[in-house]
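Colleague: Below you'll find the structure I mean.
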Amino acid sequence: MAYPLEAELIGFTDIPPLLDTFDTIRTSGETFFGYINDEGELIGAIAVEAEEAQVTISRMMVHPGHFRKGIAGTLIRHVLETYHKAPMFTVSTGTRNTPAVTLYEKFGFVKDHVFEVAPGVELTEFHLRIQ
């Protein structure tokens, strides 16, 4: 439910997560962590691709009814703690997705580069290097 809102923010309706199915997610090779509320509902999730040299945050999802409650931050903290020995973390988001850009910068991620994925649609890649 979060990805249609991101697609609207960045002006691109063909973002890959909107095309996912249960099977494509199941076979993605990503590791998922979820955020479950007191009622037992999954209201947020983060996915990573962990390699020796870096951990890539490949997905961040929060149910729109639970935006701005600290869920995304909790999920990022969990990933940073779980993979605390990783020398670098990377994440990409729509350049015009101001809430996501602000969130990643809050955690110390630094803009590395911008790339175009479709005419007029840019993603920004961020890096967090651990000393």
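Residues in the structure tokens are named by chain (A, B, ... in the order shown) and by number from 1 within that chain; ligands are numbered from 1 in the order shown.
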Quick one: DSSP helix (DSSP H, G or I) residues in chain A, as number ranges by chain?
Modeller: A: 2-10, 16-19, 22-26, 64-66, 71-82, 98-106
Colleague: Can you pull out the residues contacting segment 92-99 of chain A? Cut-off 8 Å, using only C-alpha atoms, and skip same-chain residues under 2 positions away; I want them as JSON, numbers by chain.
Modeller: {"A": [6, 9, 10, 57, 58, 90, 101, 102, 103, 114, 121, 122, 123, 124, 125, 126]}
Colleague: For the residues in the current selection, export all heavy atoms as a CSV table (one decimal), in the first residue's frame.
Modeller:
chain,number,residue,atom,x,y,z
A,6,GLU,N,4.4,6.3,-3.1
A,6,GLU,CA,5.8,6.7,-3.5
A,6,GLU,C,5.8,7.0,-5.0
A,6,GLU,O,6.4,7.9,-5.5
A,6,GLU,CB,6.8,5.6,-3.2
A,6,GLU,CG,8.2,6.1,-3.6
A,6,GLU,CD,9.3,5.1,-3.3
A,6,GLU,OE1,9.1,4.0,-2.7
A,6,GLU,OE2,10.5,5.5,-3.5
A,9,LEU,N,4.5,10.3,-5.6
A,9,LEU,CA,5.5,11.3,-5.2
A,9,LEU,C,6.6,11.5,-6.2
A,9,LEU,O,7.0,12.7,-6.4
A,9,LEU,CB,6.2,10.9,-3.8
A,9,LEU,CG,5.6,11.3,-2.5
A,9,LEU,CD1,6.3,10.6,-1.4
A,9,LEU,CD2,5.5,12.8,-2.3
A,10,ILE,N,7.1,10.5,-6.8
A,10,ILE,CA,8.2,10.6,-7.7
A,10,ILE,C,7.8,10.7,-9.1
A,10,ILE,O,8.6,10.9,-10.0
A,10,ILE,CB,9.3,9.5,-7.5
A,10,ILE,CG1,8.7,8.1,-7.9
A,10,ILE,CG2,9.8,9.4,-6.1
A,10,ILE,CD1,9.7,7.0,-7.9
A,57,ILE,N,19.8,-1.9,1.5
A,57,ILE,CA,18.4,-1.8,1.9
A,57,ILE,C,17.6,-1.8,0.6
A,57,ILE,O,17.7,-0.7,-0.1
A,57,ILE,CB,18.1,-0.6,2.8
A,57,ILE,CG1,18.8,-0.7,4.1
A,57,ILE,CG2,16.5,-0.5,3.1
A,57,ILE,CD1,18.7,0.5,5.0
A,58,SER,N,16.9,-2.8,0.3
A,58,SER,CA,16.3,-2.9,-1.0
A,58,SER,C,14.8,-2.5,-1.0
A,58,SER,O,14.3,-2.2,-2.1
A,58,SER,CB,16.5,-4.3,-1.6
A,58,SER,OG,16.1,-5.3,-0.7
A,90,THR,N,23.9,0.7,1.8
A,90,THR,CA,23.4,1.5,0.7
A,90,THR,C,21.9,1.5,0.6
A,90,THR,O,21.3,0.5,1.1
A,90,THR,CB,24.0,1.1,-0.7
A,90,THR,OG1,23.5,-0.2,-0.9
A,90,THR,CG2,25.5,1.1,-0.7
A,101,VAL,N,14.1,10.6,1.8
A,101,VAL,CA,15.4,11.3,1.8
A,101,VAL,C,15.7,11.8,3.2
A,101,VAL,O,16.8,11.6,3.7
A,101,VAL,CB,15.4,12.4,0.7
A,101,VAL,CG1,16.7,13.3,0.9
A,101,VAL,CG2,15.3,11.9,-0.7
A,102,THR,N,14.8,12.5,3.8
A,102,THR,CA,15.0,13.0,5.1
A,102,THR,C,15.3,11.9,6.1
A,102,THR,O,16.2,12.1,7.0
A,102,THR,CB,13.7,13.9,5.6
A,102,THR,OG1,13.5,14.9,4.6
A,102,THR,CG2,13.9,14.4,6.9
A,103,LEU,N,14.5,10.8,6.1
A,103,LEU,CA,14.8,9.7,7.0
A,103,LEU,C,16.2,9.2,6.8
A,103,LEU,O,16.9,9.0,7.8
A,103,LEU,CB,13.7,8.6,6.7
A,103,LEU,CG,13.9,7.3,7.5
A,103,LEU,CD1,13.6,7.6,9.0
A,103,LEU,CD2,13.1,6.2,6.9
A,114,VAL,N,23.1,10.4,-8.2
A,114,VAL,CA,21.7,10.4,-8.7
A,114,VAL,C,21.7,9.7,-10.1
A,114,VAL,O,22.7,9.9,-10.9
A,114,VAL,CB,21.2,11.9,-8.8
A,114,VAL,CG1,19.8,11.9,-9.5
A,114,VAL,CG2,21.1,12.5,-7.5
A,121,VAL,N,12.6,10.9,-14.3
A,121,VAL,CA,12.5,10.2,-13.0
A,121,VAL,C,13.9,9.8,-12.5
A,121,VAL,O,14.6,9.0,-13.1
A,121,VAL,CB,11.6,8.9,-13.1
A,121,VAL,CG1,11.5,8.3,-11.7
A,121,VAL,CG2,10.2,9.3,-13.6
A,122,GLU,N,14.2,10.4,-11.3
A,122,GLU,CA,15.6,10.2,-10.8
A,122,GLU,C,15.5,9.4,-9.4
A,122,GLU,O,14.6,9.7,-8.7
A,122,GLU,CB,16.3,11.5,-10.6
A,122,GLU,CG,16.6,12.2,-11.8
A,122,GLU,CD,17.3,13.6,-11.5
A,122,GLU,OE1,17.2,14.1,-10.4
A,122,GLU,OE2,18.0,14.0,-12.5
A,123,LEU,N,16.5,8.6,-9.2
A,123,LEU,CA,16.7,8.0,-7.9
A,123,LEU,C,18.0,8.5,-7.4
A,123,LEU,O,18.9,8.8,-8.1
A,123,LEU,CB,16.8,6.4,-8.0
A,123,LEU,CG,15.5,5.7,-8.5
A,123,LEU,CD1,15.8,4.2,-8.5
A,123,LEU,CD2,14.3,6.0,-7.6
A,124,THR,N,18.0,8.6,-6.1
A,124,THR,CA,19.3,9.0,-5.4
A,124,THR,C,19.8,7.8,-4.6
A,124,THR,O,19.0,7.2,-3.9
A,124,THR,CB,19.0,10.2,-4.5
A,124,THR,OG1,18.6,11.3,-5.2
A,124,THR,CG2,20.3,10.6,-3.8
A,125,GLU,N,21.0,7.5,-4.7
A,125,GLU,CA,21.6,6.4,-3.9
A,125,GLU,C,22.4,7.1,-2.8
A,125,GLU,O,23.1,8.0,-3.0
A,125,GLU,CB,22.6,5.6,-4.8
A,125,GLU,CG,23.2,4.4,-4.0
A,125,GLU,CD,23.9,3.4,-4.8
A,125,GLU,OE1,23.3,2.9,-5.8
A,125,GLU,OE2,25.1,3.2,-4.5
A,126,PHE,N,22.2,6.5,-1.6
A,126,PHE,CA,22.8,7.0,-0.4
A,126,PHE,C,23.7,5.9,0.2
A,126,PHE,O,23.4,4.7,0.0
A,126,PHE,CB,21.8,7.3,0.7
A,126,PHE,CG,20.8,8.4,0.3
A,126,PHE,CD1,19.7,8.2,-0.5
A,126,PHE,CD2,21.1,9.7,0.8
A,126,PHE,CE1,18.8,9.2,-0.8
A,126,PHE,CE2,20.2,10.7,0.5
A,126,PHE,CZ,19.1,10.5,-0.3
Colleague: Could you tell me, as an NGL selection string, which residues of chain A DSSP assigns to strand (DSSP E or B) when given the backbone?
Modeller: :A and (31-36 or 42-50 or 55-62 or 88-94 or 110-118 or 121-129)
Colleague: One decimal, in Å: what's the spacing between atom CA of Ile71 of chain A and atom CA of Lys106 of chain A?
Modeller: 14.0 Å
Colleague: Which residue, A:Ala47, A:His78, A:Phe67, A:Tyr104, has the smallest gap to Arg26 of chain A when you use only C-alpha atoms?
Modeller: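 Smallest separation from Arg26 of chain A among the options: A:Ala47.
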Colleague: Find the distance between atom CA of Val62 of chain A and atom CA of Arg129 of chain A and write it in Å to one decimal.
Modeller: 25.0 Å
Colleague: Need the shell around Ile130 of chain A: protein/DNA/RNA residues with any atom at most 12 Å away, counting only C-alpha atoms. Skip same-chain ones fewer than 3 positions apart. Format as a list of chain:residue names?
Modeller: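 Selected residues are A:Ala53, A:Gln54, A:Val55, A:Leu80, A:Glu81, A:Tyr83, A:His84, A:Lys85, A:Ala86, A:Pro87, A:Met88, A:Phe89, A:Thr90, A:Phe107, A:Gly108, A:Phe109, A:Val110, A:His127.
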Colleague: Tell me, as a list in words, which residues lie within 10 Å of Leu75 of chain A, counting only C-alpha atoms; anything in the same chain fewer than 6 positions away does not count.
Modeller: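 Contacts, in chain order: Phe33, Gly34, Tyr35, Gly44, Ala45, Ile46, Ala47, Met60, Met61, Val62 and Glu81 of chain A.
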Colleague: Can I get the selection written as an mmCIF file, in the first residue's frame, with C-alpha atoms?
Modeller:
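Saved the output as part-v8.cif:
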data_model
loop_
_atom_site.group_PDB
_atom_site.id
_atom_site.type_symbol
_atom_site.label_atom_id
_atom_site.label_comp_id
_atom_site.auth_asym_id
_atom_site.auth_seq_id
_atom_site.Cartn_x
_atom_site.Cartn_y
_atom_site.Cartn_z
ATOM 1 C CA PHE A 33 12.195 -7.910 8.732
ATOM 2 C CA GLY A 34 8.710 -6.859 9.783
ATOM 3 C CA TYR A 35 7.148 -4.476 12.259
ATOM 4 C CA GLY A 44 5.945 -2.174 8.185
ATOM 5 C CA ALA A 45 8.752 -4.128 6.587
ATOM 6 C CA ILE A 46 12.290 -3.665 5.400
ATOM 7 C CA ALA A 47 14.269 -5.934 3.091
ATOM 8 C CA MET A 60 11.161 -0.074 2.912
ATOM 9 C CA MET A 61 7.423 -0.286 3.410
ATOM 10 C CA VAL A 62 5.127 1.247 6.010
ATOM 11 C CA GLU A 81 22.176 -3.320 14.618
#
Colleague: Go through A:Val48, A:Val91, A:Ala100, A:Glu41 one by one, measure the shortest atom-to-atom distance of each to His113 of chain A using only C-alpha atoms, and give the residue with the smallest value.
Modeller: A:Val91
Colleague: Which of these residues is nearest to Ile43 of chain A, using only C-alpha atoms: A:Ala72, A:Thr56, A:Phe115, A:Phe22?
Modeller: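 Looking at the shortest contact to Ile43 of chain A, the residue is A:Ala72.
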Colleague: So what do you get for atom CA of Glu49 of chain A versus atom CA of Gly29 of chain A, distance-wise?
Modeller: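 We find that atom CA of Glu49 of chain A and atom CA of Gly29 of chain A lie 7.4 Å from each other.
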